[in-house]
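Structure first, commentary second.
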4 protein chains.
Amino acid sequence: MSIPERMKAAVLFDLGDLRVTEVPVPQITAGEVLVKIEAVAICGSDPGIINKGWKGYPILGEFIPGHEFTGTVVKVSPDVFELQKGDRVAVEPHKGCGRCENCLKGLYTTCLNYGNYELGHRHYGFSTNGGYADYAACHVTTLHKLHDSIGFDEGTMLTGAGTVLYGYERIGWVGAGETVVVTGPGAIGLMSAHIAKILGAGRVILTGTRENRLAVGRELGADITINVREENVIDRVMELTDGVGADLVVECTGQSAPAAEVLDFIRKNGRISFNGIYHDLVTLQLDKIVQWNLLITGPKAEGKLNLKRAIPLMADGRMNFKPLITHHFKLDDINEAFDTFNGRIGGSIKVIINP
Amino acid sequence: MSIPERMKAAVLFDLGDLRVTEVPVPQITAGEVLVKIEAVAICGSDPGIINKGWKGYPILGEFIPGHEFTGTVVKVSPDVFELQKGDRVAVEPHKGCGRCENCLKGLYTTCLNYGNYELGHRHYGFSTNGGYADYAACHVTTLHKLHDSIGFDEGTMLTGAGTVLYGYERIGWVGAGETVVVTGPGAIGLMSAHIAKILGAGRVILTGTRENRLAVGRELGADITINVREENVIDRVMELTDGVGADLVVECTGQSAPAAEVLDFIRKNGRISFNGIYHDLVTLQLDKIVQWNLLITGPKAEGKLNLKRAIPLMADGRMNFKPLITHHFKLDDINEAFDTFNGRIGGSIKVIINP
Amino acid sequence: MSIPERMKAAVLFDLGDLRVTEVPVPQITAGEVLVKIEAVAICGSDPGIINKGWKGYPILGEFIPGHEFTGTVVKVSPDVFELQKGDRVAVEPHKGCGRCENCLKGLYTTCLNYGNYELGHRHYGFSTNGGYADYAACHVTTLHKLHDSIGFDEGTMLTGAGTVLYGYERIGWVGAGETVVVTGPGAIGLMSAHIAKILGAGRVILTGTRENRLAVGRELGADITINVREENVIDRVMELTDGVGADLVVECTGQSAPAAEVLDFIRKNGRISFNGIYHDLVTLQLDKIVQWNLLITGPKAEGKLNLKRAIPLMADGRMNFKPLITHHFKLDDINEAFDTFNGRIGGSIKVIINP
Amino acid sequence: MSIPERMKAAVLFDLGDLRVTEVPVPQITAGEVLVKIEAVAICGSDPGIINKGWKGYPILGEFIPGHEFTGTVVKVSPDVFELQKGDRVAVEPHKGCGRCENCLKGLYTTCLNYGNYELGHRHYGFSTNGGYADYAACHVTTLHKLHDSIGFDEGTMLTGAGTVLYGYERIGWVGAGETVVVTGPGAIGLMSAHIAKILGAGRVILTGTRENRLAVGRELGADITINVREENVIDRVMELTDGVGADLVVECTGQSAPAAEVLDFIRKNGRISFNGIYHDLVTLQLDKIVQWNLLITGPKAEGKLNLKRAIPLMADGRMNFKPLITHHFKLDDINEAFDTFNGRIGGSIKVIINP
């Protein structure tokens, strides 16, 4: 397969103005690989990037968003020995500079040179070009071979799975047999519930307002769902835990009131992972962190190669996100894809674009 | 059901001389519960206790061994509010003194007052009477309610499961997607392989010499088995891991040569949990701990309430040790049960006694 | 020295009505020791207990507050072998029930049976009688022998030191060479700054509004102090850390605005320990926990025997809180002592009562 | 100061044949800095490298050993913004490839591409040229600015200090107030004892055979020394710890018998860090790891930027290794320096070469 000189890409011309146009196929430099993109999923953070911008991204008229993608290797830089033409890969959006203190300590998703292209930092679809295109130039450290049994579409879910896993790693993994409450049945919440069970949770309780999403949660392994419009979540969790509270809460609503409320059903010595994007301030009973001896963290993206951790789990079918993939579009129809995603049209959860 | 005054029990009259006789039903004191024993499994440590003794156990002629047991609550001390008559329970063999530094820090399986009955330490079947009997007096902190879906026989496996889980907790749990090698397909090895998968291991490799045991391992979830009589285990693990080595090794042979050999197929920065009983000294390339930056531990029994962690996993069928239960005997036939266990007669793995 | 039948004690007759009266010397039961109290320090939580009450304390007219105390053993229960008459001891306020899940896991300061006297829980000066008295009955697990070189007065500081140390333990200790910011130069803040240095912090930055307190902080080892009335604390910390932020922040103001502000000068991947008592809600940029990959906790009192950890450090003079002890009173003058403490009269920091 | 074209360097011409000769000053490439070497210390691993070789080092006739060095920046690659001419620096010997799994996770001292120069791995004085020379080309990620108060000679101790600190980090840091036993008063042992105290150890016990070295240990902060030729170390440690054993043992003898013996005086639940170079196999009571619930590790060199952690501690005088520096030589006298070091002539501990 010969590589063309030009390709189709969805370029952000102005805030809110994303259009498919023709641009040069990117050149690869040392350590890089050219990937023919096979599938890219819309992430919940994409609409914000497109409509409100992202600090430090490339100039309008050039920037190509999209960061949950898979593809096929079509060209490798001569110094790359890890991959070869034809390899099927999942792409990790973050590449650290490799020289700041955080990168040297393995914390590349919080690289201190974030957005500094010259120093080698990359964040595909955020600070550098991403995946809504036919091709992308990706550094070898951001590529992970897909197992044969993982399709390109499902493979796009690995980015989300990696973030969820990193959250669990940072909070000390799921303790075997623990009762885990996941709040909010968005894509990350559903993944969090599914993965908690895969990692040995005793019971997974999923909360939310939309009955159809809670049903997907049950399909993905949630033992109990609580519709917060119909039941008092605090009372219910306390009842289910003999008045003790949840061992681990994974907050995935991204909203202020539910985020504050987790302190009301966490157990003494419980752990909380905040996995949402919190646009607003949150008003908390901070004292409970001290009096209840809590441990709190939240994952900055799919750090410490957690995307890679997800691959064997997806390969043998334990991790199965196919129920989340509700829609497919061609790259030319990207705006329709975003409308479907944003409007939750047809019960959309994950919307895939196949360039 | 009225409680009789006397009961049958297997008493150790001399080293190697275990006989069923009649003794008084034990009295319960503050914090204690009388348990009618329904099932007790022979543990790999029992033959040693019976034939060679155990430092500090009760005097010969009185000592009742047996520490993997389940039963029904038939009487509770007035100060016990956590349980009531009729509750089905699994018994945790260790009760710490509750006042030494280790107990206060939650490390009761390594109680500094081990064997001190007056100070409140108990180790059923080791330093105090155990479960090869009709009844046992157990402290409330050592009892865990059995979920309805767990039978008494399978419930005896919770002790072993708790030890395996404690090993995983101490070594930092199984990291999602990791390649775990379990050496030795004895009961603990088979449980370790099964549980690794339940906790999110990517691949589980089980090694051993007996093909029938390796087959049980595959039935319990091992992805790959290596018969060390037919293949070079070091070469094979290295090949399976692209020359890197295993992320985590759980050593379950209890033998010196295999225990030393794990250093040859662990990865740099790998973790090792020694889960065996090592009667002999082991000669190691200690330098590799330093040069390979390894982390090593081993679980002292089912610490930190890990027996309890196993209950929800067994209750919903993820943890299924029924393939390990190969034989049943009545208490009167306990010596035949031990012969079956020790001689691996009829492919015995776990042998259950139902008093 | 014979033990009298009656003793002086400061009893809480009504909210805000603390008076010295005569009461029976407490009886000791199994596991207990009678301590003749030599010194007790007023803790910042005492005024709230006295004026607003504490959930579950003993009935008014009987309750004796006070929980930072030292004394001499004058009588031991026959089952207590760890101590003997004449031993000088520091008292740990918390004793767990010893049978709930948290206690069994070593988390006795968050005992699930908090306040349940019958089950064995004790919290001297909170849920059970404390130290503003001539004598107190204390469980052996709450007593720690004082090294000869530690005076009774200074020994009362061990409770606070234990809490500060537990905070450091929970947040992963102080990493060697780290830049630690401590906010708020109250007693706990000053102790936190002093102890950070003892544990190997690179630089300790102490913030506050009162110049005389900041001066005490410098005397205790703070390398840099920031008067937040004169300098912008965010700008200053960022400047001192080359724009990266603090590795670890220990929040000790207990106030909402400064507690929220720590998120503005913590580094990416930083750790925060909330050590204050936060009476009010706190409104936070919660999103930063996720985007900055933070780790957050707060210590529930002097857990996991951290009071004991402080003893050798104080014994050899590395930990020196004598500059904090500003005033002494007799028990009869307890209300004057509280006035001095509450009004910060004469620059009071720690006020000691010697019964 | 102009940079000459040629320089003096100690080149390894054959095993055991180290000679000072003239070679070209190294060229710097992207990310690199030319360092004028001011001081380099002989490490205990150097004699082995020189006399027995090191797997994968540069060819004989070109290889320059030496890896504990400090110097002055004299030239920087245009892409290096972190340093400038005139900066005084300490050099970290390890630079990972930055693209293998271990490097990406922050574990660069165990880089999976160790010795692969093309992929960017460096290990100065081991797999690439080191510091027994006038100049060295060093990657920016391996350089740490020296505080003004740290001299070049003392700065060479930062490498050892970084290794010791990494050992403490890996074993969970020193717990405040713990009793730490350090075995073996070589340079790393003496540093380990000194640093344990700096990090908050309660008591530090140093063991050894040489009285003069033990005296240096006491000067550096060891509270108690045990001459194992005169006292039974097991009995003595047990006596000092009320029969419980040491909380943490740092094994620094590198010899088989003492390495095995630490299992006899560690406490239940204790931690062991093996810091030595163990040329021989070690025969251990492995069972104790399980029965005593031990945690064991050993640091692969100065990982996770621990060299940098040591700088503020040395800068303010808490870390003071000047008593270890016993001898100085010029580069021309390097073989005399090695003779002094190897023969422990004149009580030599650390021998410095100033090019």
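Scheme for the structure tokens: letters A, B, ... for chains in order shown; per-chain residue numbers from 1; ligand numbers from 1 in order shown.
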**Study point:** Non-local contacts of Ser2 (chain C) (12 Å; only C-alpha atoms; under 5 positions in same chain excluded) as a ChimeraX atom specification
**Key:** /C:36,74-75,85
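If you take only C-alpha atoms and a cut-off of 7 Å, the residues of chain D that reach chain B are Thr110, Lys268, Phe274, Asn275, Ile277, Tyr278, Leu281, Val282, Thr283, Leu284, Gln285, Leu286, Asp287, Ile289, Val290, Gln291, Trp292, Asn293, Leu294, Leu295, Ile296, Thr297, Gly298, Pro299 and Lys300 of chain D.
The residue that comes closest to Ala136 (chain A), out of A:Thr70, A:Thr225, A:Ser149, A:Thr241 and on the basis of only C-alpha atoms, is A:Thr70.
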Exercise for review: Just list the residues in region 101-149 of chain A DSSP gives helix (DSSP H, G or I) on the backbone, as a PyMOL selection string.
Suggested key: chain A and resi 101-104+108-110+140-142
Go ahead and write the selection's residues with N, CA and C atoms as a compact mmCIF listing (two decimals), in the first residue's frame.
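Below is the file that was written, out-v3.txt:
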# COMPACT_ATOMS: atom_id res chain seq x y z
N GLU A 101 11.34 16.20 35.61
CA GLU A 101 11.35 15.35 36.79
C GLU A 101 10.17 14.38 36.80
N ASN A 102 9.00 14.85 36.40
CA ASN A 102 7.85 13.94 36.40
C ASN A 102 8.02 12.82 35.39
N CYS A 103 8.47 13.13 34.19
CA CYS A 103 8.67 12.08 33.18
C CYS A 103 9.71 11.08 33.66
N LEU A 104 10.82 11.58 34.20
CA LEU A 104 11.87 10.67 34.65
C LEU A 104 11.38 9.74 35.75
N TYR A 108 4.43 10.57 33.13
CA TYR A 108 4.47 11.36 31.89
C TYR A 108 3.15 12.04 31.55
N THR A 109 2.04 11.59 32.12
CA THR A 109 0.79 12.31 31.82
C THR A 109 0.73 13.66 32.54
N THR A 110 1.62 13.86 33.48
CA THR A 110 1.72 15.18 34.11
C THR A 110 3.09 15.80 33.85
N VAL A 140 6.91 6.03 18.90
CA VAL A 140 6.87 4.60 19.20
C VAL A 140 6.45 4.31 20.65
N THR A 141 6.78 5.22 21.57
CA THR A 141 6.42 4.97 22.97
C THR A 141 4.92 5.11 23.22
N THR A 142 4.20 5.61 22.24
CA THR A 142 2.75 5.79 22.42
C THR A 142 1.95 4.70 21.70
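Between Ala201 (chain B) and the candidates B:Ile349, B:Leu146, B:Ala30, B:Ala246, the tightest atom-to-atom separation, counting only C-alpha atoms, involves B:Ala246.
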Show which residues sit within 12 Å of Gly186 (chain C), as a CSV table (one decimal) with all heavy atoms, in the first residue's frame. Count only C-alpha atoms, and ignore same-chain residues fewer than 2 positions away.
chain,number,residue,atom,x,y,z
C,43,CYS,N,-5.8,21.0,74.4
C,43,CYS,CA,-5.7,20.8,72.9
C,43,CYS,C,-6.7,21.8,72.3
C,43,CYS,O,-7.7,22.2,72.9
C,43,CYS,CB,-6.1,19.4,72.6
C,43,CYS,SG,-6.3,19.1,70.8
C,44,GLY,N,-6.4,22.1,71.0
C,44,GLY,CA,-7.3,23.0,70.3
C,44,GLY,C,-8.7,22.5,70.1
C,44,GLY,O,-9.6,23.3,69.9
C,160,GLY,N,0.0,15.2,70.1
C,160,GLY,CA,0.0,16.0,68.9
C,160,GLY,C,1.0,15.5,67.9
C,160,GLY,O,0.8,15.4,66.7
C,182,VAL,N,3.8,24.0,55.0
C,182,VAL,CA,2.9,23.8,56.1
C,182,VAL,C,2.1,25.1,56.3
C,182,VAL,O,2.7,26.2,56.4
C,182,VAL,CB,3.6,23.5,57.5
C,182,VAL,CG1,2.6,23.4,58.6
C,182,VAL,CG2,4.4,22.2,57.3
C,183,THR,N,0.8,25.1,56.2
C,183,THR,CA,0.0,26.3,56.3
C,183,THR,C,-0.6,26.4,57.7
C,183,THR,O,-1.2,25.4,58.2
C,183,THR,CB,-1.2,26.3,55.3
C,183,THR,OG1,-2.0,25.1,55.5
C,183,THR,CG2,-0.7,26.2,53.9
C,184,GLY,N,-0.4,27.5,58.3
C,184,GLY,CA,-1.0,27.8,59.6
C,184,GLY,C,-0.1,27.4,60.8
C,184,GLY,O,0.1,26.2,61.1
C,188,ILE,N,-0.4,22.4,65.9
C,188,ILE,CA,-0.3,21.3,65.0
C,188,ILE,C,0.6,21.7,63.8
C,188,ILE,O,1.4,21.0,63.3
C,188,ILE,CB,-1.6,20.8,64.5
C,188,ILE,CG1,-2.3,20.0,65.7
C,188,ILE,CG2,-1.5,19.8,63.3
C,188,ILE,CD1,-1.6,18.7,66.1
C,189,GLY,N,0.4,23.0,63.3
C,189,GLY,CA,1.2,23.4,62.2
C,189,GLY,C,2.7,23.6,62.6
C,189,GLY,O,3.6,23.1,61.8
C,190,LEU,N,2.9,24.1,63.7
C,190,LEU,CA,4.3,24.2,64.2
C,190,LEU,C,5.0,22.8,64.3
C,190,LEU,O,6.1,22.6,64.0
C,190,LEU,CB,4.4,25.0,65.5
C,190,LEU,CG,4.0,26.5,65.3
C,190,LEU,CD1,3.8,27.2,66.7
C,190,LEU,CD2,5.1,27.3,64.6
C,191,MET,N,4.2,21.9,64.9
C,191,MET,CA,4.7,20.6,65.0
C,191,MET,C,4.9,19.9,63.7
C,191,MET,O,5.9,19.2,63.4
C,191,MET,CB,3.7,19.7,65.8
C,191,MET,CG,3.7,20.0,67.3
C,191,MET,SD,2.4,18.9,68.1
C,191,MET,CE,2.7,19.3,69.8
C,192,SER,N,4.0,20.2,62.7
C,192,SER,CA,4.2,19.6,61.4
C,192,SER,C,5.4,20.1,60.7
C,192,SER,O,6.1,19.4,60.0
C,192,SER,CB,2.9,19.9,60.6
C,192,SER,OG,1.8,19.4,61.1
C,193,ALA,N,5.7,21.4,60.9
C,193,ALA,CA,6.9,22.0,60.3
C,193,ALA,C,8.2,21.3,60.9
C,193,ALA,O,9.1,20.9,60.2
C,193,ALA,CB,6.9,23.5,60.4
C,206,LEU,N,6.8,27.6,56.0
C,206,LEU,CA,5.6,27.7,56.9
C,206,LEU,C,4.9,29.0,56.6
C,206,LEU,O,5.5,30.1,56.5
C,206,LEU,CB,6.1,27.7,58.3
C,206,LEU,CG,5.1,28.0,59.4
C,206,LEU,CD1,4.1,26.8,59.5
C,206,LEU,CD2,5.8,28.2,60.8
C,207,THR,N,3.6,29.0,56.4
C,207,THR,CA,2.8,30.2,56.1
C,207,THR,C,1.9,30.5,57.3
C,207,THR,O,1.5,29.7,58.1
C,207,THR,CB,1.9,30.0,54.9
C,207,THR,OG1,0.8,29.1,55.3
C,207,THR,CG2,2.7,29.4,53.8
C,208,GLY,N,1.6,31.8,57.4
C,208,GLY,CA,0.7,32.2,58.5
C,208,GLY,C,0.5,33.7,58.5
C,208,GLY,O,1.0,34.4,57.6
C,209,THR,N,-0.2,34.2,59.5
C,209,THR,CA,-0.5,35.6,59.5
C,209,THR,C,0.2,36.3,60.7
C,209,THR,O,0.3,37.5,60.8
C,209,THR,CB,-2.0,35.9,59.7
C,209,THR,OG1,-2.5,35.2,60.9
C,209,THR,CG2,-2.8,35.4,58.5
C,210,ARG,N,0.5,35.5,61.7
C,210,ARG,CA,1.1,36.1,63.0
C,210,ARG,C,2.6,36.0,63.0
C,210,ARG,O,3.1,34.9,63.0
C,210,ARG,CB,0.5,35.3,64.2
C,210,ARG,CG,-1.0,35.6,64.4
C,210,ARG,CD,-1.6,34.7,65.4
C,210,ARG,NE,-1.9,33.4,64.8
C,210,ARG,CZ,-2.1,32.3,65.4
C,210,ARG,NH1,-2.0,32.3,66.7
C,210,ARG,NH2,-2.5,31.2,64.8
C,212,ASN,N,4.8,36.5,65.3
C,212,ASN,CA,5.4,35.9,66.4
C,212,ASN,C,5.4,34.4,66.3
C,212,ASN,O,6.3,33.6,66.7
C,212,ASN,CB,4.8,36.3,67.7
C,212,ASN,CG,3.3,36.0,67.8
C,212,ASN,OD1,2.7,35.9,66.8
C,212,ASN,ND2,2.8,35.9,69.0
C,213,ARG,N,4.3,33.8,65.7
C,213,ARG,CA,4.2,32.4,65.5
C,213,ARG,C,5.2,32.0,64.4
C,213,ARG,O,5.8,30.9,64.5
C,213,ARG,CB,2.7,32.0,65.1
C,213,ARG,CG,1.8,32.1,66.3
C,213,ARG,CD,2.1,31.0,67.3
C,213,ARG,NE,1.1,31.0,68.4
C,213,ARG,CZ,0.0,30.2,68.5
C,213,ARG,NH1,-0.2,29.3,67.5
C,213,ARG,NH2,-0.8,30.3,69.5
C,214,LEU,N,5.3,32.7,63.4
C,214,LEU,CA,6.2,32.4,62.3
C,214,LEU,C,7.6,32.3,62.9
C,214,LEU,O,8.4,31.5,62.5
C,214,LEU,CB,6.1,33.3,61.2
C,214,LEU,CG,4.7,33.3,60.4
C,214,LEU,CD1,4.6,34.4,59.4
C,214,LEU,CD2,4.4,31.9,59.8
C,216,VAL,N,8.4,31.5,65.9
C,216,VAL,CA,8.6,30.2,66.6
C,216,VAL,C,8.8,29.1,65.6
C,216,VAL,O,9.6,28.2,65.8
C,216,VAL,CB,7.3,29.9,67.5
C,216,VAL,CG1,7.4,28.5,68.1
C,216,VAL,CG2,7.1,30.9,68.5
C,217,GLY,N,8.1,29.2,64.5
C,217,GLY,CA,8.3,28.2,63.4
C,217,GLY,C,9.8,28.2,62.9
C,217,GLY,O,10.4,27.1,62.7
C,251,GLU,N,-1.9,21.0,55.4
C,251,GLU,CA,-2.8,22.1,55.7
C,251,GLU,C,-3.2,22.1,57.2
C,251,GLU,O,-3.8,21.1,57.6
C,251,GLU,CB,-4.1,22.0,54.8
C,251,GLU,CG,-4.7,23.3,54.4
C,251,GLU,CD,-5.2,24.1,55.6
C,251,GLU,OE1,-5.9,23.5,56.5
C,251,GLU,OE2,-5.0,25.3,55.6
C,252,CYS,N,-2.9,23.2,57.9
C,252,CYS,CA,-3.1,23.2,59.3
C,252,CYS,C,-3.9,24.4,59.8
C,252,CYS,O,-4.0,24.6,61.0
C,252,CYS,CB,-1.8,23.1,60.1
C,252,CYS,SG,-0.8,21.6,59.8
C,253,THR,N,-4.5,25.2,58.9
C,253,THR,CA,-5.2,26.3,59.3
C,253,THR,C,-6.6,25.9,59.8
C,253,THR,O,-7.2,26.6,60.7
C,253,THR,CB,-5.4,27.4,58.2
C,253,THR,OG1,-6.3,26.9,57.2
C,253,THR,CG2,-4.1,27.8,57.6
C,254,GLY,N,-7.2,24.9,59.2
C,254,GLY,CA,-8.5,24.5,59.5
C,254,GLY,C,-9.6,25.4,58.9
C,254,GLY,O,-10.7,25.3,59.2
C,255,GLN,N,-9.1,26.4,58.1
C,255,GLN,CA,-10.0,27.4,57.6
C,255,GLN,C,-10.3,27.1,56.1
C,255,GLN,O,-9.4,26.6,55.4
C,255,GLN,CB,-9.5,28.8,57.8
C,255,GLN,CG,-9.5,29.1,59.3
C,255,GLN,CD,-8.7,30.3,59.6
C,255,GLN,OE1,-8.5,31.2,58.7
C,255,GLN,NE2,-8.3,30.5,60.8
C,275,ASN,N,-4.6,18.5,57.9
C,275,ASN,CA,-4.4,18.2,59.4
C,275,ASN,C,-5.3,19.0,60.3
C,275,ASN,O,-5.3,18.9,61.5
C,275,ASN,CB,-3.0,18.4,59.8
C,275,ASN,CG,-2.0,17.3,59.3
C,275,ASN,OD1,-2.4,16.5,58.4
C,275,ASN,ND2,-0.9,17.2,59.9
C,276,GLY,N,-6.1,19.9,59.7
C,276,GLY,CA,-6.9,20.8,60.5
C,276,GLY,C,-8.3,20.2,60.9
C,276,GLY,O,-8.6,19.1,60.6
C,277,ILE,N,-9.0,21.0,61.7
C,277,ILE,CA,-10.4,20.7,62.0
C,277,ILE,C,-11.2,21.7,61.2
C,277,ILE,O,-11.1,22.9,61.4
C,277,ILE,CB,-10.7,20.8,63.5
C,277,ILE,CG1,-9.8,19.9,64.3
C,277,ILE,CG2,-12.2,20.5,63.8
C,277,ILE,CD1,-10.0,20.0,65.8
C,324,LEU,N,7.1,25.4,72.5
C,324,LEU,CA,5.6,25.6,72.4
C,324,LEU,C,4.9,25.7,73.7
C,324,LEU,O,3.8,26.2,73.8
C,324,LEU,CB,5.0,24.4,71.7
C,324,LEU,CG,5.5,24.1,70.3
C,324,LEU,CD1,4.7,22.9,69.7
C,324,LEU,CD2,5.3,25.3,69.4
C,341,PHE,N,-5.6,30.2,77.1
C,341,PHE,CA,-5.4,29.5,75.8
C,341,PHE,C,-6.3,30.1,74.7
C,341,PHE,O,-5.9,30.4,73.6
C,341,PHE,CB,-5.8,28.0,76.0
C,341,PHE,CG,-5.7,27.2,74.8
C,341,PHE,CD1,-4.5,26.7,74.3
C,341,PHE,CD2,-6.8,26.9,74.0
C,341,PHE,CE1,-4.4,25.9,73.2
C,341,PHE,CE2,-6.7,26.1,72.9
C,341,PHE,CZ,-5.5,25.6,72.4
C,344,ARG,N,-5.3,33.5,73.6
C,344,ARG,CA,-3.9,33.7,73.3
C,344,ARG,C,-3.2,34.7,74.1
C,344,ARG,O,-2.4,35.5,73.6
C,344,ARG,CB,-3.8,34.0,71.8
C,344,ARG,CG,-4.2,32.9,70.9
C,344,ARG,CD,-4.2,33.3,69.4
C,344,ARG,NE,-4.7,32.2,68.5
C,344,ARG,CZ,-5.0,32.3,67.3
C,344,ARG,NH1,-4.9,33.5,66.7
C,344,ARG,NH2,-5.4,31.3,66.6
C,347,GLY,N,0.7,35.4,74.4
C,347,GLY,CA,1.3,34.6,73.3
C,347,GLY,C,1.2,33.2,73.6
C,347,GLY,O,2.1,32.4,73.1
C,348,SER,N,0.2,32.7,74.3
C,348,SER,CA,0.1,31.3,74.6
C,348,SER,C,0.0,30.4,73.4
C,348,SER,O,-0.6,30.7,72.4
C,348,SER,CB,-1.1,31.1,75.5
C,348,SER,OG,-2.3,31.2,74.7
C,349,ILE,N,0.7,29.3,73.5
C,349,ILE,CA,0.6,28.3,72.5
C,349,ILE,C,0.1,27.0,73.1
C,349,ILE,O,-1.1,26.7,73.0
C,349,ILE,CB,2.0,28.0,71.7
C,349,ILE,CG1,2.5,29.4,71.1
C,349,ILE,CG2,1.8,27.0,70.6
C,349,ILE,CD1,3.8,29.3,70.4
C,350,LYS,N,0.9,26.3,73.8
C,350,LYS,CA,0.4,25.2,74.6
C,350,LYS,C,0.4,25.5,76.1
C,350,LYS,O,1.4,26.0,76.6
C,350,LYS,CB,1.3,23.9,74.4
C,350,LYS,CG,1.3,23.4,73.0
C,350,LYS,CD,-0.1,22.9,72.5
C,350,LYS,CE,-0.5,21.6,73.1
C,350,LYS,NZ,-1.8,21.0,72.5
Practice item. Identify, on the basis of only C-alpha atoms, every residue whose closest approach to Val181 (chain B) does not exceed 6 Å; exclude the query and any residue fewer than 5 positions from it along the same chain; express the result as a count of residues only. Key: 4
